[in-house]
>>> print(open('final_6.tsv').read())   # TSV, C-alpha atoms
chain	number	residue	atom	x	y	z
F	181	MET	CA	141.68	-41.70	-2.97
F	182	SER	CA	140.61	-38.99	-0.67
F	183	LYS	CA	137.50	-39.34	1.39
F	184	SER	CA	135.73	-36.51	-0.43
F	185	ALA	CA	136.56	-37.95	-3.87
F	186	ARG	CA	135.13	-41.34	-2.86
F	187	ALA	CA	131.97	-39.67	-1.60
F	188	THR	CA	131.59	-37.79	-4.87
F	189	GLU	CA	132.01	-41.00	-6.87
F	190	GLU	CA	129.44	-42.86	-4.76
F	191	HIS	CA	127.02	-40.00	-5.15
F	192	GLY	CA	127.56	-40.03	-8.89
F	193	SER	CA	126.86	-43.76	-9.18
F	194	ARG	CA	123.75	-43.39	-7.06
F	195	VAL	CA	122.48	-40.67	-9.39
F	196	ASP	CA	123.24	-42.86	-12.41
F	197	ARG	CA	121.35	-45.81	-10.89
F	198	ALA	CA	118.40	-43.59	-10.05
F	199	GLY	CA	118.36	-42.22	-13.57
F	200	GLN	CA	118.46	-45.71	-15.08
F	201	GLU	CA	115.65	-46.87	-12.80
F	202	ALA	CA	113.58	-43.83	-13.67
F	203	SER	CA	114.02	-44.34	-17.38
F	204	ALA	CA	113.25	-48.07	-17.00
F	205	GLU	CA	110.12	-47.12	-15.06
F	206	GLN	CA	109.13	-44.70	-17.81
F	207	GLY	CA	109.77	-47.38	-20.38
F	208	ARG	CA	107.52	-49.83	-18.52
F	209	ALA	CA	104.81	-47.20	-18.13
F	210	GLY	CA	105.03	-46.36	-21.80
F	211	GLU	CA	104.86	-50.04	-22.66
F	212	ILE	CA	101.72	-50.49	-20.52
F	213	ALA	CA	100.19	-47.37	-22.04
F	214	ASP	CA	100.93	-48.69	-25.53
F	215	ARG	CA	99.44	-52.05	-24.64
F	216	VAL	CA	96.28	-50.44	-23.20
F	217	GLN	CA	96.03	-48.21	-26.25
F	218	GLY	CA	96.40	-51.21	-28.50
F	219	LEU	CA	93.75	-53.13	-26.61
F	220	ALA	CA	91.40	-50.14	-26.71
F	221	ALA	CA	91.95	-49.66	-30.42
F	222	GLU	CA	91.30	-53.35	-30.97
F	223	TRP	CA	88.35	-53.92	-28.67
F	224	ALA	CA	86.70	-50.57	-27.83
F	225	PRO	CA	84.66	-50.44	-31.06
F	226	THR	CA	83.46	-53.97	-30.37
F	227	LEU	CA	82.55	-53.07	-26.79
F	228	ALA	CA	80.74	-49.96	-28.02
F	229	ARG	CA	78.84	-52.09	-30.50
F	230	VAL	CA	77.78	-54.64	-27.89
F	231	LEU	CA	76.77	-51.99	-25.36
F	232	LEU	CA	74.66	-50.08	-27.89
F	233	GLY	CA	73.11	-53.39	-28.92
F	234	LEU	CA	72.26	-54.19	-25.30
F	235	VAL	CA	70.53	-50.83	-24.87
F	236	LEU	CA	68.44	-51.39	-28.00
F	237	ALA	CA	67.72	-55.01	-27.05
F	238	TRP	CA	66.54	-54.05	-23.56
F	239	PHE	CA	64.11	-51.44	-24.86
F	240	GLY	CA	63.00	-53.62	-27.76
F	241	TYR	CA	62.28	-56.58	-25.50
F	242	HIS	CA	60.29	-54.55	-22.99
F	243	GLU	CA	58.34	-52.72	-25.69
F	244	LEU	CA	57.38	-56.07	-27.18
F	245	MET	CA	56.49	-57.71	-23.87
F	246	THR	CA	54.57	-54.85	-22.24
F	247	PRO	CA	53.65	-52.37	-24.98
F	248	GLN	CA	50.90	-50.86	-22.85
F	249	LEU	CA	53.52	-49.37	-20.53
F	250	TRP	CA	55.26	-47.50	-23.35
F	251	THR	CA	52.39	-45.85	-25.18
F	252	GLY	CA	52.99	-42.56	-23.38
F	253	TYR	CA	56.03	-42.02	-25.56
F	254	VAL	CA	54.17	-42.30	-28.87
F	255	PRO	CA	53.86	-38.79	-30.25
F	256	GLY	CA	50.57	-37.58	-31.65
F	257	VAL	CA	48.52	-40.62	-30.70
F	258	ALA	CA	46.31	-41.17	-27.66
F	259	ALA	CA	48.23	-43.26	-25.13
F	260	THR	CA	45.23	-45.48	-24.51
F	261	SER	CA	44.57	-46.32	-28.17
F	262	GLN	CA	45.26	-49.63	-29.91
F	263	VAL	CA	47.18	-47.71	-32.57
F	264	ALA	CA	49.66	-46.56	-29.93
F	265	ILE	CA	50.17	-50.16	-28.78
F	266	ALA	CA	50.65	-51.35	-32.36
F	267	LEU	CA	53.20	-48.59	-32.98
F	268	VAL	CA	55.10	-49.50	-29.81
F	269	LEU	CA	55.19	-53.15	-30.95
F	270	VAL	CA	56.56	-52.20	-34.36
F	271	HIS	CA	59.13	-49.95	-32.71
F	272	GLY	CA	60.13	-52.69	-30.30
F	273	TRP	CA	60.46	-55.22	-33.11
F	274	VAL	CA	62.72	-52.93	-35.13
F	275	LEU	CA	64.84	-52.21	-32.05
F	276	LEU	CA	65.24	-55.92	-31.35
F	277	VAL	CA	66.32	-56.75	-34.90
F	278	LEU	CA	68.68	-53.75	-34.94
F	279	ALA	CA	70.13	-54.87	-31.61
F	280	VAL	CA	70.86	-58.35	-32.93
F	281	ALA	CA	72.37	-56.94	-36.13
F	282	ILE	CA	74.60	-54.55	-34.19
F	283	ILE	CA	75.74	-57.10	-31.60
F	284	ALA	CA	76.41	-59.75	-34.23
F	285	GLY	CA	77.97	-57.22	-36.57
F	286	VAL	CA	75.64	-58.01	-39.46
F	287	ALA	CA	75.39	-55.03	-41.84
F	288	LEU	CA	76.77	-53.01	-38.97
F	289	ARG	CA	77.01	-49.61	-40.61
F	290	LEU	CA	73.49	-49.80	-41.98
F	291	ALA	CA	72.08	-51.05	-38.66
F	292	ALA	CA	73.92	-48.32	-36.76
F	293	ALA	CA	72.66	-45.70	-39.20
F	294	VAL	CA	69.05	-46.85	-38.79
F	295	ALA	CA	69.53	-46.94	-35.00
F	296	ALA	CA	70.93	-43.40	-35.16
F	297	LEU	CA	67.83	-42.25	-37.08
F	298	PHE	CA	65.56	-43.89	-34.49
F	299	LEU	CA	67.49	-42.26	-31.66
F	300	LEU	CA	67.42	-38.90	-33.43
F	301	GLN	CA	63.65	-39.17	-33.68
F	302	ILE	CA	63.47	-40.00	-29.96
F	303	VAL	CA	65.71	-37.07	-29.02
F	304	ILE	CA	63.71	-34.64	-31.16
F	305	SER	CA	60.42	-35.97	-29.82
F	306	LEU	CA	61.56	-35.73	-26.19
F	307	THR	CA	63.01	-32.27	-26.74
F	308	ILE	CA	59.80	-30.97	-28.29
F	309	SER	CA	57.62	-32.44	-25.57
F	310	GLY	CA	59.75	-31.80	-22.52
F	311	GLY	CA	62.72	-29.62	-23.46
F	312	LEU	CA	66.36	-30.45	-22.88
F	313	THR	CA	66.44	-32.54	-19.73
F	314	ASP	CA	68.73	-35.17	-18.24
F	315	LEU	CA	66.60	-37.81	-19.91
F	316	THR	CA	66.96	-36.22	-23.33
F	317	LEU	CA	70.70	-35.70	-23.00
F	318	ARG	CA	71.17	-39.30	-21.96
F	319	ASP	CA	69.67	-40.28	-25.29
F	320	VAL	CA	71.91	-37.76	-27.04
F	321	GLY	CA	74.86	-39.76	-25.69
F	322	VAL	CA	73.44	-43.01	-27.06
F	323	LEU	CA	72.81	-41.25	-30.37
F	324	GLY	CA	76.48	-40.27	-30.46
F	325	LEU	CA	77.47	-43.88	-29.92
F	326	ALA	CA	75.27	-45.00	-32.81
F	327	ILE	CA	76.72	-42.31	-35.08
F	328	CYS	CA	80.26	-43.44	-34.19
F	329	LEU	CA	79.43	-46.98	-35.28
F	330	THR	CA	78.30	-45.82	-38.71
F	331	ALA	CA	81.95	-44.98	-39.43
F	332	GLY	CA	82.77	-48.63	-39.98
F	333	THR	CA	85.83	-48.82	-37.76
F	334	ARG	CA	87.67	-52.14	-37.70
F	335	GLN	CA	85.68	-54.50	-35.49
F	336	ARG	CA	86.40	-57.79	-33.74
F	337	VAL	CA	83.92	-60.66	-33.42
F	338	MET	CA	81.76	-59.94	-36.43
F	339	LEU	CA	79.43	-62.33	-38.18
F	340	THR	CA	80.58	-61.61	-41.70
F	341	ARG	CA	79.80	-64.95	-43.24
C	1480	MET	CA	74.36	-60.82	-50.27
C	1481	ARG	CA	75.23	-57.11	-50.30
C	1482	ILE	CA	73.12	-54.64	-48.34
C	1483	ALA	CA	74.05	-50.97	-48.66
C	1484	GLY	CA	77.62	-51.83	-49.57
C	1485	GLU	CA	78.07	-54.38	-46.79
C	1486	THR	CA	78.35	-58.09	-47.30
C	1487	VAL	CA	75.88	-60.19	-45.36
C	1488	GLY	CA	76.47	-63.92	-45.42
C	1489	PRO	CA	73.96	-66.72	-44.98
C	1490	ARG	CA	74.72	-66.95	-41.27
C	1491	GLY	CA	74.05	-63.26	-40.84
C	1492	VAL	CA	70.77	-63.53	-42.74
C	1493	THR	CA	69.80	-66.52	-40.58
C	1494	VAL	CA	70.55	-64.66	-37.36
C	1495	LEU	CA	68.50	-61.68	-38.50
C	1496	ALA	CA	65.63	-63.92	-39.60
C	1497	VAL	CA	65.62	-65.74	-36.26
C	1498	SER	CA	65.62	-62.45	-34.35
C	1499	ALA	CA	62.78	-61.18	-36.54
C	1500	VAL	CA	60.70	-64.28	-35.81
C	1501	VAL	CA	61.47	-64.08	-32.09
C	1502	GLY	CA	60.46	-60.43	-32.21
C	1503	ILE	CA	57.17	-61.32	-33.86
C	1504	LEU	CA	56.47	-63.99	-31.22
C	1505	LEU	CA	57.24	-61.55	-28.41
C	1506	GLY	CA	55.03	-58.99	-30.14
C	1507	VAL	CA	52.14	-61.46	-30.34
C	1508	HIS	CA	52.62	-62.12	-26.62
C	1509	GLY	CA	52.68	-58.38	-25.93
C	1510	TRP	CA	49.57	-57.74	-28.03
C	1511	GLY	CA	47.74	-60.52	-26.20
C	1512	GLY	CA	48.60	-59.01	-22.84
C	1513	ARG	CA	47.95	-55.40	-23.80
C	1514	HIS	CA	44.99	-55.20	-21.43
C	1515	ASN	CA	47.03	-56.45	-18.46
C	1516	GLY	CA	47.97	-52.95	-17.60
C	1517	LEU	CA	48.06	-51.09	-14.38
C	1518	PRO	CA	44.91	-50.87	-12.26
C	1519	SER	CA	43.95	-47.36	-13.21
C	1520	THR	CA	45.69	-45.51	-15.93
C	1521	LEU	CA	46.63	-41.98	-15.13
C	1522	GLY	CA	47.75	-41.29	-18.67
C	1523	GLY	CA	45.41	-38.86	-20.25
C	1524	PRO	CA	44.66	-38.81	-23.92
C	1525	GLY	CA	47.39	-36.31	-24.55
C	1526	PRO	CA	50.69	-37.71	-25.75
C	1527	SER	CA	52.89	-35.09	-24.18
C	1528	PRO	CA	54.60	-35.57	-20.86
C	1529	SER	CA	53.12	-34.05	-17.80
C	1530	ALA	CA	54.89	-31.13	-16.27
C	1531	ALA	CA	54.05	-29.73	-12.92
C	1532	PRO	CA	52.86	-26.18	-13.42
C	1533	HIS	CA	54.89	-23.30	-12.01
C	1534	GLY	CA	57.74	-25.66	-11.18
C	1535	ARG	CA	55.78	-27.17	-8.36
C	1536	PRO	CA	56.86	-30.76	-7.82
C	1537	ALA	CA	53.89	-32.93	-8.54
C	1538	SER	CA	55.30	-35.54	-6.20
C	1539	SER	CA	54.61	-33.33	-3.23
C	1540	SER	CA	50.94	-33.17	-3.98
C	1541	ALA	CA	49.78	-36.00	-1.77
C	1542	THR	CA	48.08	-34.32	1.10
C	1543	PRO	CA	46.82	-36.88	3.55
C	1544	GLY	CA	44.82	-36.13	6.61
C	1545	GLN	CA	42.71	-33.26	5.37
C	1546	SER	CA	39.04	-33.34	5.99
C	1547	THR	CA	36.45	-32.06	3.59
C	1548	GLN	CA	32.73	-31.50	3.63
C	1549	GLY	CA	30.25	-32.79	1.14
C	1550	PRO	CA	28.59	-36.00	0.16
C	1551	PRO	CA	30.71	-39.10	0.07
C	1552	THR	CA	31.69	-40.18	-3.39
C	1553	GLN	CA	31.93	-43.65	-4.71
C	1554	GLY	CA	32.99	-45.51	-7.78
C	1555	PRO	CA	36.40	-45.20	-9.26
C	1556	THR	CA	36.67	-43.35	-12.51
C	1557	ALA	CA	39.45	-43.81	-14.99
C	1558	ALA	CA	41.73	-40.86	-14.64
C	1559	GLY	CA	42.13	-40.66	-18.37
C	1560	SER	CA	38.44	-40.08	-18.97
C	1561	PRO	CA	37.01	-36.62	-19.39
C	1562	ALA	CA	36.76	-34.87	-16.09
C	1563	PRO	CA	35.67	-31.51	-14.77
C	1564	SER	CA	38.29	-28.88	-14.28
C	1565	SER	CA	38.02	-28.99	-10.51
C	1566	PRO	CA	37.60	-31.84	-8.08
C	1567	ALA	CA	33.97	-32.78	-7.93
C	1568	PRO	CA	32.24	-35.50	-6.00
C	1569	ALA	CA	31.14	-38.41	-8.10
C	1570	SER	CA	27.49	-39.22	-8.42
C	1571	ASN	CA	25.84	-42.12	-6.65
C	1572	SER	CA	27.40	-45.34	-7.86
C	1573	PRO	CA	28.07	-48.74	-6.35
C	1574	ALA	CA	30.61	-48.98	-3.56
C	1575	PRO	CA	34.05	-50.12	-4.67
C	1576	SER	CA	34.27	-53.88	-4.56
C	1577	PRO	CA	37.42	-55.74	-3.56
C	1578	GLY	CA	39.22	-57.64	-6.30
C	1579	ALA	CA	42.52	-59.47	-6.46
C	1580	LYS	CA	45.22	-58.90	-3.89
C	1581	LEU	CA	47.73	-56.26	-4.83
C	1582	SER	CA	50.55	-58.53	-3.68
C	1583	SER	CA	49.52	-61.10	-6.30
C	1584	GLN	CA	49.78	-58.65	-9.19
C	1585	SER	CA	52.75	-58.45	-11.50
C	1586	TYR	CA	53.12	-54.76	-10.73
C	1587	ALA	CA	53.16	-55.26	-6.94
C	1588	SER	CA	56.86	-54.55	-6.76
C	1589	TYR	CA	56.27	-51.19	-8.44
C	1590	ALA	CA	53.60	-50.09	-5.95
C	1591	PHE	CA	54.62	-47.40	-3.48
C	1592	GLN	CA	52.43	-46.51	-0.54
C	1593	GLU	CA	51.11	-42.96	-0.65
C	1594	TRP	CA	48.58	-43.14	2.17
C	1595	PRO	CA	48.67	-43.49	5.10
C	1596	GLY	CA	52.04	-41.86	5.50
C	1597	PRO	CA	54.85	-41.40	5.98
C	1598	VAL	CA	55.48	-41.20	2.26
C	1599	SER	CA	58.84	-42.68	1.31
C	1600	ALA	CA	61.30	-41.03	-1.03
C	1601	SER	CA	60.58	-43.76	-3.61
C	1602	ALA	CA	56.86	-43.04	-3.39
C	1603	LYS	CA	57.52	-39.34	-3.90
C	1604	ALA	CA	59.66	-40.11	-6.92
C	1605	ALA	CA	57.03	-42.50	-8.27
C	1606	ALA	CA	54.37	-39.81	-8.01
C	1607	THR	CA	56.34	-37.42	-10.19
C	1608	GLY	CA	54.04	-35.85	-12.73
C	1609	LEU	CA	50.94	-36.91	-10.85
C	1610	VAL	CA	48.64	-35.08	-8.49
C	1611	ILE	CA	47.36	-37.35	-5.76
C	1612	THR	CA	45.25	-35.96	-2.97
C	1613	VAL	CA	43.92	-37.98	-0.07
C	1614	ARG	CA	41.56	-36.43	2.48
C	1615	LYS	CA	39.82	-37.95	5.46
C	1616	HIS	CA	36.10	-37.86	4.90
C	1617	GLY	CA	33.65	-39.20	7.43
C	1618	SER	CA	34.22	-42.93	7.78
C	1619	GLY	CA	36.69	-43.11	4.94
C	1620	ILE	CA	38.89	-41.16	2.62
C	1621	MET	CA	38.45	-39.14	-0.54
C	1622	VAL	CA	41.07	-39.79	-3.19
C	1623	THR	CA	41.79	-37.60	-6.15
C	1624	ALA	CA	44.38	-38.75	-8.63
C	1625	GLY	CA	45.26	-37.11	-11.89
C	1626	VAL	CA	48.02	-35.84	-14.07
C	1627	ALA	CA	49.79	-32.61	-13.22
C	1628	GLY	CA	48.80	-29.82	-15.55
C	1629	GLN	CA	45.59	-31.54	-16.62
C	1630	PRO	CA	42.06	-31.18	-15.25
C	1631	THR	CA	41.64	-32.93	-11.92
C	1632	PRO	CA	39.28	-35.88	-12.09
C	1633	ALA	CA	36.45	-36.44	-9.65
C	1634	ALA	CA	37.30	-37.49	-6.12
C	1635	ARG	CA	36.46	-41.04	-5.08
C	1636	PHE	CA	35.35	-42.26	-1.71
C	1637	TYR	CA	36.84	-45.32	-0.07
C	1638	PRO	CA	36.00	-46.77	3.38
C	1639	THR	CA	38.26	-46.76	6.42
C	1640	GLY	CA	41.29	-49.00	6.42
C	1641	THR	CA	42.17	-48.45	2.81
C	1642	LYS	CA	45.66	-47.80	1.56
C	1643	VAL	CA	46.59	-45.78	-1.48
C	1644	TYR	CA	49.48	-46.82	-3.68
C	1645	VAL	CA	51.05	-45.08	-6.62
C	1646	ILE	CA	52.45	-47.40	-9.26
C	1647	GLU	CA	55.43	-46.54	-11.39
C	1648	ALA	CA	56.93	-49.36	-13.44
C	1649	SER	CA	60.00	-47.38	-14.40
C	1650	MET	CA	61.46	-44.35	-12.67
C	1651	GLY	CA	63.68	-43.83	-15.70
C	1652	ASP	CA	61.02	-41.82	-17.48
C	1653	ASP	CA	60.94	-39.13	-14.81
C	1654	SER	CA	62.96	-35.99	-15.16
C	1655	GLY	CA	62.65	-33.22	-12.64
C	1656	ASN	CA	58.96	-32.60	-12.22
C	1657	SER	CA	58.00	-34.26	-15.47
C	1658	ASP	CA	56.98	-37.79	-16.29
C	1659	TYR	CA	57.60	-38.52	-19.96
C	1660	ASN	CA	55.60	-41.70	-20.06
C	1661	LEU	CA	52.41	-41.97	-18.09
C	1662	GLY	CA	51.64	-45.35	-19.60
C	1663	ASP	CA	53.51	-47.08	-16.79
C	1664	ASP	CA	51.90	-45.09	-13.98
C	1665	GLY	CA	48.82	-46.04	-12.06
C	1666	LEU	CA	46.99	-45.82	-8.79
C	1667	ALA	CA	45.79	-48.67	-6.63
C	1668	VAL	CA	43.59	-48.44	-3.57
C	1669	THR	CA	43.40	-51.51	-1.38
C	1670	ASP	CA	41.18	-52.50	1.51
C	1671	SER	CA	42.47	-53.55	4.92
C	1672	GLN	CA	43.22	-57.05	3.55
C	1673	GLY	CA	45.28	-55.76	0.68
C	1674	ARG	CA	42.65	-56.41	-2.00
C	1675	ILE	CA	42.39	-53.88	-4.78
C	1676	LEU	CA	39.21	-51.86	-4.66
C	1677	GLN	CA	37.63	-51.50	-8.09
>>> encode(input="final_6.tsv", output="structure tokens")
Amino acid sequence: MSKSARATEEHGSRVDRAGQEASAEQGRAGEIADRVQGLAAEWAPTLARVLLGLVLAWFGYHELMTPQLWTGYVPGVAATSQVAIALVLVHGWVLLVLAVAIIAGVALRLAAAVAALFLLQIVISLTISGGLTDLTLRDVGVLGLAICLTAGTRQRVMLTR
Amino acid sequence: MRIAGETVGPRGVTVLAVSAVVGILLGVHGWGGRHNGLPSTLGGPGPSPSAAPHGRPASSSATPGQSTQGPPTQGPTAAGSPAPSSPAPASNSPAPSPGAKLSSQSYASYAFQEWPGPVSASAKAAATGLVITVRKHGSGIMVTAGVAGQPTPAARFYPTGTKVYVIEASMGDDSGNSDYNLGDDGLAVTDSQGRILQ
């Protein structure tokens, strides 16, 4: 075999090997992507549920423990009044129960729907009093999360019994 | 049990019941401690958030070191109480008496020094939505603290050696020049030993 023919053959086999490696690499990447997608499909709704629950639990707990620090948010009532404190306590209590329901997955769609209504009220109230600000839009994001959970997507780790 | 088309088992009902009871207990605790607020509320009777007028950042309103003329004023007044539309000296009232140490209060970690300066970035952020003015006056200082966009309350006189702190339990309620919740804001003035002047 001539020298040039051998060189051509070697070049050809190198190209073949490179092509096989590239397609194997693509196959592995696709496999990882599929696995990540599968994991996300399986667990993302659960993670969303727990994170929304944590947000509600945090606010509920603090509203119950120190209601006097939250009265400024009560619309239409004097911040220094006892009525404002009572309303904050009721709000905090509802948030806490909703948080537990959402995290545990008890009546999830209903709990998420009630949470969405609460968040909608908060967004409207903040928008009326202060306009569209970073604070308001942050709550819009949480509202979106609550709305997503009303869809009843398949969830892991639910207390159904 | 079925609630709105969803099945809730006995365990679910139990968990919800337990959380409801825990919530009630926490609420009873919160109601009992509703008077353990901040030293002087700056939240006026209005429920709306404060917004600095004309886009002026309320946090930049602390103006230490200015001297003013006029009779010394005494006696702190709650910022939320009715006040004249311009700073006015308070009438004769007892000198502020020292109370508990600020460092021993639950809100001590939320207190940011406003005077004497320099004022930190945190203190500036904490004062968002508030108008705090400190002026040297004779042997002490005159302090005016109120809510941006609302009538300024009467100035108060404090003796030399005092420090002025703004209290903000949560910075998360501030947006731009507005403070959405004034319920967690307050002002504390301490003597040279760190005791809160009341």
>>> residues_around(input="final_6.tsv", residues="F:His242", least_positions_apart="4", cutoff="12 Å", atoms="all atoms listed in the file", output="PyMOL selection string")
(chain F and resi 235-238+246-251+268-269+271-273+275-276) or (chain C and resi 1502+1505-1506+1508-1509+1648-1649+1663)
>>> residues_around(input="final_6.tsv", residues="F:Asp319", least_positions_apart="4", cutoff="12 Å", atoms="all atoms listed in the file", output="list in words")
Leu232, Val235, Leu236, Ala295, Ala296, Phe298, Leu299, Leu300, Gln301, Ile302, Val303, Ile304, Ser305, Leu306, Thr307, Leu312, Thr313, Asp314, Leu315, Leu323, Gly324, Leu325 and Ala326 of chain F; Gly1651 and Asp1652 of chain C
>>> residues_around(input="final_6.tsv", residues="F:Ala284", least_positions_apart="3", cutoff="8 Å", atoms="all atoms listed in the file", output="VMD selection string")
(chain F and resid 280 to 281 337 to 339) or (chain C and resid 1491)
>>> atom_distance(input="final_6.tsv", atom1="atom CA of C:Val1610", atom2="atom CA of C:Gly1628")
8.8 Å
>>> residues_near_point(input="final_6.tsv", point="(40.2, -41.3, 2.1)", cutoff="10 Å", atoms="all atoms listed in the file", output="ChimeraX atom specification")
/C:1543-1546,1551,1594-1595,1612-1623,1634-1643,1668
>>> closest_residue(input="final_6.tsv", among="C:Met1480, C:Ala1499, C:Gln1672, C:Ser1599", to="chain F", atoms="only C-alpha atoms")
C:Ala1499
>>> closest_residue(input="final_6.tsv", among="C:Ile1503, C:Ala1587, C:Met1650, C:Val1487", to="C:Leu1666", atoms="only C-alpha atoms")
C:Ala1587
>>> atom_distance(input="final_6.tsv", atom1="atom CA of C:Ala1627", atom2="atom CA of C:Asp1653")
13.0 Å
>>> atom_distance(input="final_6.tsv", atom1="atom CA of F:Gly310", atom2="atom CA of C:Asn1515")
28.0 Å
>>> residues_around(input="final_6.tsv", residues="stretch 214-222 of chain F", least_positions_apart="4", cutoff="9 Å", atoms="all atoms listed in the file", output="VMD selection string")
chain F and resid 209 to 210 226 334 to 336
>>> write_last_selection(input="final_6.tsv", atoms="C-alpha atoms", output="PDB file, in the frame of the given file")
ATOM      1  CA  ALA F 209     104.810 -47.200 -18.130  1.00  0.00           C
ATOM      2  CA  GLY F 210     105.030 -46.360 -21.800  1.00  0.00           C
ATOM      3  CA  THR F 226      83.460 -53.970 -30.370  1.00  0.00           C
ATOM      4  CA  ARG F 334      87.670 -52.140 -37.700  1.00  0.00           C
ATOM      5  CA  GLN F 335      85.680 -54.500 -35.490  1.00  0.00           C
ATOM      6  CA  ARG F 336      86.400 -57.790 -33.740  1.00  0.00           C
TER       7      ARG F 336
END
>>> axis_aligned_box(input="final_6.tsv", around="stretch 247-262 of chain F", padding_each_side="5 Å", output="JSON")
{"center_x": 50.3, "center_y": -45.0, "center_z": -26.1, "size_x": 21.5, "size_y": 24.8, "size_z": 21.1}
